[in-house]
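One file, structure-v8.cif, is given below (mmCIF, N, CA and C atoms).
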data_model
loop_
_atom_site.label_atom_id
_atom_site.label_comp_id
_atom_site.auth_asym_id
_atom_site.auth_seq_id
_atom_site.Cartn_x
_atom_site.Cartn_y
_atom_site.Cartn_z
N MET A 1 -18.33 32.86 -45.16
CA MET A 1 -19.06 31.62 -45.02
C MET A 1 -18.24 30.59 -44.25
N LYS A 2 -16.95 30.53 -44.60
CA LYS A 2 -16.08 29.59 -43.92
C LYS A 2 -15.89 30.00 -42.46
N THR A 3 -15.85 31.28 -42.17
CA THR A 3 -15.69 31.77 -40.82
C THR A 3 -16.90 31.39 -39.97
N LEU A 4 -18.08 31.48 -40.51
CA LEU A 4 -19.29 31.10 -39.78
C LEU A 4 -19.29 29.60 -39.47
N SER A 5 -18.81 28.78 -40.40
CA SER A 5 -18.73 27.34 -40.18
C SER A 5 -17.73 27.02 -39.06
N HIS A 6 -16.59 27.70 -39.05
CA HIS A 6 -15.59 27.50 -38.00
C HIS A 6 -16.14 27.96 -36.65
N PHE A 7 -16.88 29.04 -36.64
CA PHE A 7 -17.46 29.56 -35.41
C PHE A 7 -18.48 28.57 -34.85
N LYS A 8 -19.31 27.98 -35.70
CA LYS A 8 -20.30 27.00 -35.25
C LYS A 8 -19.61 25.75 -34.69
N THR A 9 -18.56 25.32 -35.34
CA THR A 9 -17.82 24.14 -34.87
C THR A 9 -17.18 24.41 -33.51
N LEU A 10 -16.57 25.58 -33.37
CA LEU A 10 -15.94 25.96 -32.11
C LEU A 10 -16.97 26.09 -31.00
N LEU A 11 -18.13 26.69 -31.31
CA LEU A 11 -19.20 26.84 -30.34
C LEU A 11 -19.74 25.47 -29.91
N PHE A 12 -19.90 24.56 -30.87
CA PHE A 12 -20.35 23.21 -30.56
C PHE A 12 -19.36 22.48 -29.65
N LEU A 13 -18.07 22.59 -29.94
CA LEU A 13 -17.05 21.95 -29.11
C LEU A 13 -17.02 22.54 -27.70
N CYS A 14 -17.19 23.85 -27.57
CA CYS A 14 -17.22 24.49 -26.25
C CYS A 14 -18.42 24.02 -25.44
N ILE A 15 -19.56 23.86 -26.08
CA ILE A 15 -20.76 23.37 -25.39
C ILE A 15 -20.55 21.93 -24.92
N ILE A 16 -19.94 21.09 -25.74
CA ILE A 16 -19.67 19.70 -25.37
C ILE A 16 -18.70 19.65 -24.18
N VAL A 17 -17.64 20.44 -24.23
CA VAL A 17 -16.67 20.46 -23.14
C VAL A 17 -17.32 20.96 -21.85
N ALA A 18 -18.15 21.99 -21.95
CA ALA A 18 -18.83 22.52 -20.77
C ALA A 18 -19.79 21.48 -20.19
N LEU A 19 -20.49 20.75 -21.03
CA LEU A 19 -21.42 19.72 -20.57
C LEU A 19 -20.66 18.59 -19.87
N VAL A 20 -19.57 18.16 -20.45
CA VAL A 20 -18.78 17.08 -19.84
C VAL A 20 -18.19 17.55 -18.51
N ALA A 21 -17.71 18.79 -18.44
CA ALA A 21 -17.16 19.33 -17.19
C ALA A 21 -18.25 19.41 -16.12
N TYR A 22 -19.45 19.81 -16.50
CA TYR A 22 -20.55 19.87 -15.54
C TYR A 22 -20.90 18.48 -15.03
N LEU A 23 -21.00 17.51 -15.92
CA LEU A 23 -21.37 16.17 -15.51
C LEU A 23 -20.30 15.52 -14.63
N ASP A 24 -19.05 15.94 -14.82
CA ASP A 24 -17.96 15.39 -14.02
C ASP A 24 -17.81 16.10 -12.68
N SER A 25 -18.42 17.24 -12.51
CA SER A 25 -18.27 18.01 -11.28
C SER A 25 -19.16 17.43 -10.18
N PRO A 26 -18.83 17.72 -8.91
CA PRO A 26 -19.66 17.21 -7.80
C PRO A 26 -21.02 17.90 -7.71
N TYR A 27 -21.26 18.94 -8.49
CA TYR A 27 -22.53 19.68 -8.42
C TYR A 27 -23.56 19.18 -9.44
N SER A 28 -23.20 18.22 -10.28
CA SER A 28 -24.14 17.76 -11.30
C SER A 28 -25.22 16.88 -10.68
N PHE A 29 -26.27 16.65 -11.43
CA PHE A 29 -27.37 15.83 -10.95
C PHE A 29 -26.98 14.37 -10.81
N ILE A 30 -25.92 13.94 -11.49
CA ILE A 30 -25.45 12.56 -11.37
C ILE A 30 -24.90 12.30 -9.97
N HIS A 31 -24.22 13.30 -9.40
CA HIS A 31 -23.60 13.15 -8.09
C HIS A 31 -24.46 13.76 -6.97
N SER A 32 -25.72 13.93 -7.19
CA SER A 32 -26.56 14.59 -6.18
C SER A 32 -26.77 13.73 -4.93
N GLY A 33 -26.56 12.43 -5.02
CA GLY A 33 -26.75 11.56 -3.88
C GLY A 33 -25.55 11.52 -2.95
N TYR A 34 -24.47 12.16 -3.34
CA TYR A 34 -23.25 12.15 -2.54
C TYR A 34 -23.08 13.47 -1.83
N SER A 35 -22.48 13.42 -0.67
CA SER A 35 -22.24 14.62 0.11
C SER A 35 -20.79 15.04 -0.06
N TYR A 36 -20.59 16.25 -0.58
CA TYR A 36 -19.26 16.82 -0.71
C TYR A 36 -19.18 18.00 0.25
N SER A 37 -18.56 17.76 1.36
CA SER A 37 -18.47 18.77 2.39
C SER A 37 -17.02 19.19 2.56
N THR A 38 -16.79 20.48 2.80
CA THR A 38 -15.43 20.94 3.04
C THR A 38 -15.00 20.67 4.47
N ILE A 39 -15.95 20.43 5.36
CA ILE A 39 -15.64 20.12 6.75
C ILE A 39 -15.73 18.61 6.90
N SER A 40 -14.60 18.02 7.22
CA SER A 40 -14.60 16.57 7.40
C SER A 40 -14.18 16.26 8.83
N GLU A 41 -14.86 15.31 9.39
CA GLU A 41 -14.54 14.89 10.74
C GLU A 41 -13.48 13.80 10.67
N PRO A 42 -12.47 13.88 11.52
CA PRO A 42 -11.44 12.85 11.48
C PRO A 42 -11.99 11.51 11.94
N ALA A 43 -11.51 10.49 11.31
CA ALA A 43 -11.93 9.14 11.70
C ALA A 43 -11.22 8.75 12.98
N VAL A 44 -11.95 8.15 13.87
CA VAL A 44 -11.40 7.74 15.14
C VAL A 44 -11.10 6.25 15.06
N ALA A 45 -9.84 5.91 15.21
CA ALA A 45 -9.44 4.51 15.18
C ALA A 45 -9.44 3.97 16.60
N GLN A 46 -10.10 2.86 16.77
CA GLN A 46 -10.16 2.25 18.07
C GLN A 46 -9.48 0.89 18.01
N PRO A 47 -8.65 0.57 18.99
CA PRO A 47 -7.97 -0.73 18.96
C PRO A 47 -8.95 -1.87 19.14
N VAL A 48 -8.67 -2.94 18.46
CA VAL A 48 -9.53 -4.12 18.52
C VAL A 48 -8.65 -5.30 18.93
N ASP A 49 -9.08 -6.03 19.93
CA ASP A 49 -8.36 -7.22 20.34
C ASP A 49 -8.76 -8.36 19.43
N VAL A 50 -7.79 -8.87 18.71
CA VAL A 50 -8.04 -9.95 17.76
C VAL A 50 -7.25 -11.17 18.20
N GLU A 51 -7.93 -12.26 18.31
CA GLU A 51 -7.27 -13.52 18.65
C GLU A 51 -6.55 -14.04 17.42
N PRO A 52 -5.35 -14.58 17.57
CA PRO A 52 -4.69 -15.17 16.41
C PRO A 52 -5.46 -16.40 15.94
N PRO A 53 -5.57 -16.58 14.65
CA PRO A 53 -6.33 -17.73 14.14
C PRO A 53 -5.62 -19.04 14.48
N THR A 54 -6.42 -20.07 14.69
CA THR A 54 -5.84 -21.35 15.07
C THR A 54 -5.61 -22.26 13.87
N ASP A 55 -6.38 -22.09 12.82
CA ASP A 55 -6.26 -22.99 11.67
C ASP A 55 -5.48 -22.36 10.52
N VAL A 56 -5.20 -21.09 10.59
CA VAL A 56 -4.48 -20.39 9.52
C VAL A 56 -3.12 -19.96 10.06
N PRO A 57 -2.05 -20.26 9.34
CA PRO A 57 -0.74 -19.86 9.85
C PRO A 57 -0.52 -18.35 9.75
N VAL A 58 0.23 -17.83 10.70
CA VAL A 58 0.64 -16.44 10.67
C VAL A 58 2.07 -16.42 10.16
N LEU A 59 2.36 -15.56 9.18
CA LEU A 59 3.70 -15.50 8.62
C LEU A 59 4.55 -14.54 9.43
N GLU A 60 5.73 -15.02 9.83
CA GLU A 60 6.67 -14.21 10.60
C GLU A 60 8.05 -14.31 9.98
N ASN A 61 8.80 -13.23 10.02
CA ASN A 61 10.19 -13.24 9.59
C ASN A 61 11.07 -13.24 10.82
N ARG A 62 12.04 -14.15 10.87
CA ARG A 62 12.96 -14.23 12.00
C ARG A 62 14.38 -14.13 11.47
N LEU A 63 15.22 -13.47 12.26
CA LEU A 63 16.62 -13.31 11.90
C LEU A 63 17.30 -14.67 11.94
N ASP A 64 17.87 -15.07 10.81
CA ASP A 64 18.51 -16.37 10.70
C ASP A 64 20.02 -16.26 10.93
N SER A 65 20.66 -15.29 10.29
CA SER A 65 22.10 -15.13 10.46
C SER A 65 22.52 -13.72 10.06
N VAL A 66 23.70 -13.32 10.56
CA VAL A 66 24.33 -12.05 10.20
C VAL A 66 25.71 -12.38 9.70
N GLN A 67 26.05 -11.90 8.50
CA GLN A 67 27.35 -12.18 7.90
C GLN A 67 28.01 -10.88 7.50
N MET A 68 29.34 -10.89 7.43
CA MET A 68 30.10 -9.74 6.98
C MET A 68 30.63 -10.06 5.58
N MET A 69 30.23 -9.24 4.58
CA MET A 69 30.66 -9.46 3.20
C MET A 69 31.09 -8.15 2.58
N ASP A 70 32.34 -8.05 2.21
CA ASP A 70 32.89 -6.89 1.49
C ASP A 70 32.57 -5.57 2.19
N GLY A 71 32.71 -5.52 3.50
CA GLY A 71 32.46 -4.30 4.24
C GLY A 71 30.99 -4.05 4.54
N TYR A 72 30.13 -4.97 4.21
CA TYR A 72 28.70 -4.85 4.48
C TYR A 72 28.28 -5.91 5.49
N TYR A 73 27.39 -5.54 6.38
CA TYR A 73 26.71 -6.53 7.19
C TYR A 73 25.49 -6.99 6.40
N VAL A 74 25.31 -8.28 6.33
CA VAL A 74 24.16 -8.85 5.62
C VAL A 74 23.36 -9.66 6.64
N GLU A 75 22.12 -9.21 6.88
CA GLU A 75 21.22 -9.93 7.77
C GLU A 75 20.27 -10.77 6.91
N ILE A 76 20.18 -12.04 7.21
CA ILE A 76 19.32 -12.94 6.44
C ILE A 76 18.15 -13.34 7.32
N TYR A 77 16.95 -13.09 6.81
CA TYR A 77 15.71 -13.40 7.53
C TYR A 77 15.01 -14.56 6.85
N GLN A 78 14.52 -15.49 7.65
CA GLN A 78 13.78 -16.64 7.16
C GLN A 78 12.30 -16.45 7.51
N GLU A 79 11.43 -16.76 6.56
CA GLU A 79 9.99 -16.66 6.81
C GLU A 79 9.49 -17.98 7.39
N TYR A 80 8.64 -17.88 8.40
CA TYR A 80 8.07 -19.06 9.06
C TYR A 80 6.55 -18.97 9.06
N GLU A 81 5.91 -20.13 8.95
CA GLU A 81 4.48 -20.25 9.17
C GLU A 81 4.30 -20.66 10.63
N VAL A 82 3.63 -19.83 11.39
CA VAL A 82 3.49 -20.09 12.82
C VAL A 82 2.01 -20.38 13.10
N TYR A 83 1.78 -21.50 13.77
CA TYR A 83 0.42 -21.89 14.15
C TYR A 83 0.26 -21.68 15.65
N TYR A 84 -0.88 -21.10 16.04
CA TYR A 84 -1.18 -20.82 17.44
C TYR A 84 -2.39 -21.63 17.88
N ASP A 85 -2.46 -21.91 19.18
CA ASP A 85 -3.65 -22.55 19.73
C ASP A 85 -4.60 -21.48 20.25
N GLU A 86 -5.68 -21.89 20.91
CA GLU A 86 -6.70 -20.96 21.38
C GLU A 86 -6.17 -19.99 22.44
N LYS A 87 -5.15 -20.40 23.17
CA LYS A 87 -4.59 -19.56 24.23
C LYS A 87 -3.48 -18.64 23.73
N GLY A 88 -3.12 -18.74 22.46
CA GLY A 88 -2.07 -17.89 21.91
C GLY A 88 -0.69 -18.49 21.99
N ASN A 89 -0.59 -19.74 22.38
CA ASN A 89 0.71 -20.42 22.44
C ASN A 89 1.08 -20.96 21.07
N VAL A 90 2.37 -20.98 20.78
CA VAL A 90 2.85 -21.49 19.50
C VAL A 90 2.73 -23.01 19.50
N VAL A 91 2.01 -23.54 18.52
CA VAL A 91 1.85 -24.98 18.38
C VAL A 91 2.91 -25.55 17.45
N LYS A 92 3.09 -24.86 16.32
CA LYS A 92 4.01 -25.36 15.31
C LYS A 92 4.62 -24.18 14.58
N ARG A 93 5.90 -24.32 14.21
CA ARG A 93 6.59 -23.27 13.45
C ARG A 93 7.32 -23.96 12.29
N ASP A 94 6.84 -23.73 11.06
CA ASP A 94 7.42 -24.35 9.88
C ASP A 94 8.12 -23.29 9.03
N PRO A 95 9.38 -23.53 8.64
CA PRO A 95 10.05 -22.58 7.74
C PRO A 95 9.52 -22.70 6.32
N THR A 96 9.43 -21.59 5.62
CA THR A 96 9.04 -21.59 4.22
C THR A 96 10.30 -21.44 3.37
N ALA A 97 10.15 -21.42 2.09
CA ALA A 97 11.29 -21.29 1.18
C ALA A 97 11.71 -19.83 1.00
N LYS A 98 10.94 -18.90 1.53
CA LYS A 98 11.22 -17.49 1.31
C LYS A 98 12.24 -16.96 2.31
N THR A 99 13.27 -16.32 1.81
CA THR A 99 14.24 -15.63 2.66
C THR A 99 14.42 -14.22 2.13
N GLU A 100 14.75 -13.31 3.02
CA GLU A 100 15.03 -11.93 2.65
C GLU A 100 16.33 -11.52 3.29
N SER A 101 17.03 -10.59 2.65
CA SER A 101 18.29 -10.12 3.22
C SER A 101 18.31 -8.60 3.25
N VAL A 102 18.95 -8.08 4.28
CA VAL A 102 19.12 -6.65 4.44
C VAL A 102 20.62 -6.41 4.51
N ARG A 103 21.10 -5.48 3.68
CA ARG A 103 22.53 -5.21 3.63
C ARG A 103 22.77 -3.77 4.03
N TYR A 104 23.72 -3.54 4.92
CA TYR A 104 24.06 -2.17 5.28
C TYR A 104 25.56 -2.07 5.51
N TRP A 105 26.09 -0.88 5.25
CA TRP A 105 27.52 -0.61 5.25
C TRP A 105 28.04 -0.43 6.67
N ASP A 106 29.22 -1.00 6.93
CA ASP A 106 29.90 -0.81 8.20
C ASP A 106 31.03 0.18 7.96
N GLU A 107 30.91 1.37 8.54
CA GLU A 107 31.93 2.41 8.33
C GLU A 107 33.25 2.06 8.98
N ASN A 108 33.24 1.24 10.00
CA ASN A 108 34.46 0.91 10.71
C ASN A 108 35.22 -0.26 10.11
N ALA A 109 34.64 -0.88 9.10
CA ALA A 109 35.30 -2.04 8.48
C ALA A 109 36.48 -1.57 7.63
N LYS A 110 37.52 -2.38 7.59
CA LYS A 110 38.70 -2.06 6.78
C LYS A 110 38.42 -2.44 5.34
N ASN A 111 38.75 -1.53 4.45
CA ASN A 111 38.58 -1.82 3.02
C ASN A 111 39.86 -2.48 2.51
N GLU A 112 39.80 -3.76 2.35
CA GLU A 112 40.96 -4.50 1.85
C GLU A 112 40.73 -4.85 0.39
N PRO A 113 41.75 -4.64 -0.44
CA PRO A 113 41.59 -4.94 -1.88
C PRO A 113 41.55 -6.41 -2.17
#
Would you write the structure of this file as structure tokens?
Amino acid sequence: MKTLSHFKTLLFLCIIVALVAYLDSPYSFIHSGYSYSTISEPAVAQPVDVEPPTDVPVLENRLDSVQMMDGYYVEIYQEYEVYYDEKGNVVKRDPTAKTESVRYWDENAKNEP
């Protein structure tokens, strides 16, 4: 009697798992509006000429300084808000508070204690 109860429970769980797997598959009636094809065409990217905005600043990073510290070169970049006019000329360049640094090792530097 107990074996029959376990068998019914296991059968019920298998049916539930099979139903959920079917509904999650691309072949179910829920996903019938979507096309699942094994052959896909590559997307073609075409360049677009975009004018720089005149009222919104463009953020640019510019090299501010290069320093030598403990055998490393440290490049410090300052972020600027750059405003352009309709012709693409720089109207205004304002520095922001954001700076970034890049550090890289100089193999030729002398290691002094």
Could you list, as a VMD selection string, every residue within 6 Å of range 88-102 of chain A, counting only C-alpha atoms and ignoring same-chain residues fewer than 5 positions away? chain A and resid 74 to 83
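Atom N of Tyr72 in chain A lies 7.5 Å from atom C of Arg103 in chain A.
Across range 8-97 of chain A, DSSP run on the backbone finds helix (DSSP H, G or I) at Lys8, Thr9, Leu10, Leu11, Phe12, Leu13, Cys14, Ile15, Ile16, Val17, Ala18, Leu19, Val20, Ala21, Tyr22, Leu23, Asp24, Phe29, Ile30 and His31 of chain A.
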Could you take the residues named above and write them with N, CA and C atoms, as a compact mmCIF listing (two decimals), in the coordinates of the input?
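Result written to out.txt:
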# COMPACT_ATOMS: atom_id res chain seq x y z
N LYS A 8 -19.31 27.98 -35.70
CA LYS A 8 -20.30 27.00 -35.25
C LYS A 8 -19.61 25.75 -34.69
N THR A 9 -18.56 25.32 -35.34
CA THR A 9 -17.82 24.14 -34.87
C THR A 9 -17.18 24.41 -33.51
N LEU A 10 -16.57 25.58 -33.37
CA LEU A 10 -15.94 25.96 -32.11
C LEU A 10 -16.97 26.09 -31.00
N LEU A 11 -18.13 26.69 -31.31
CA LEU A 11 -19.20 26.84 -30.34
C LEU A 11 -19.74 25.47 -29.91
N PHE A 12 -19.90 24.56 -30.87
CA PHE A 12 -20.35 23.21 -30.56
C PHE A 12 -19.36 22.48 -29.65
N LEU A 13 -18.07 22.59 -29.94
CA LEU A 13 -17.05 21.95 -29.11
C LEU A 13 -17.02 22.54 -27.70
N CYS A 14 -17.19 23.85 -27.57
CA CYS A 14 -17.22 24.49 -26.25
C CYS A 14 -18.42 24.02 -25.44
N ILE A 15 -19.56 23.86 -26.08
CA ILE A 15 -20.76 23.37 -25.39
C ILE A 15 -20.55 21.93 -24.92
N ILE A 16 -19.94 21.09 -25.74
CA ILE A 16 -19.67 19.70 -25.37
C ILE A 16 -18.70 19.65 -24.18
N VAL A 17 -17.64 20.44 -24.23
CA VAL A 17 -16.67 20.46 -23.14
C VAL A 17 -17.32 20.96 -21.85
N ALA A 18 -18.15 21.99 -21.95
CA ALA A 18 -18.83 22.52 -20.77
C ALA A 18 -19.79 21.48 -20.19
N LEU A 19 -20.49 20.75 -21.03
CA LEU A 19 -21.42 19.72 -20.57
C LEU A 19 -20.66 18.59 -19.87
N VAL A 20 -19.57 18.16 -20.45
CA VAL A 20 -18.78 17.08 -19.84
C VAL A 20 -18.19 17.55 -18.51
N ALA A 21 -17.71 18.79 -18.44
CA ALA A 21 -17.16 19.33 -17.19
C ALA A 21 -18.25 19.41 -16.12
N TYR A 22 -19.45 19.81 -16.50
CA TYR A 22 -20.55 19.87 -15.54
C TYR A 22 -20.90 18.48 -15.03
N LEU A 23 -21.00 17.51 -15.92
CA LEU A 23 -21.37 16.17 -15.51
C LEU A 23 -20.30 15.52 -14.63
N ASP A 24 -19.05 15.94 -14.82
CA ASP A 24 -17.96 15.39 -14.02
C ASP A 24 -17.81 16.10 -12.68
N PHE A 29 -26.27 16.65 -11.43
CA PHE A 29 -27.37 15.83 -10.95
C PHE A 29 -26.98 14.37 -10.81
N ILE A 30 -25.92 13.94 -11.49
CA ILE A 30 -25.45 12.56 -11.37
C ILE A 30 -24.90 12.30 -9.97
N HIS A 31 -24.22 13.30 -9.40
CA HIS A 31 -23.60 13.15 -8.09
C HIS A 31 -24.46 13.76 -6.97
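Note that the spacing between CA of Ser28 in chain A and CA of Ile16 in chain A amounts to 14.9 Å.
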All file atoms of range 64-70 of chain A boxed axis-aligned, 4 Å per side, centre plus edges, as AutoDock Vina command-line options:
--center_x 25.4 --center_y -11.0 --center_z 6.2 --size_x 23.0 --size_y 18.8 --size_z 17.4
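Here CA of Lys2 in chain A stands at a distance of 25.9 Å from CA of Leu19 in chain A.
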Going by DSSP on the backbone, which bits of range 54-106 of chain A are strand (DSSP E)? Write them as a ChimeraX atom specification, please. /A:58-69,72-84,90-105
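Proximity to Glu107 in chain A was assessed for A:Gly71, A:Val44, A:Ile15, A:Glu86 counting all atoms listed in the file; the smallest distance is recorded for A:Gly71.
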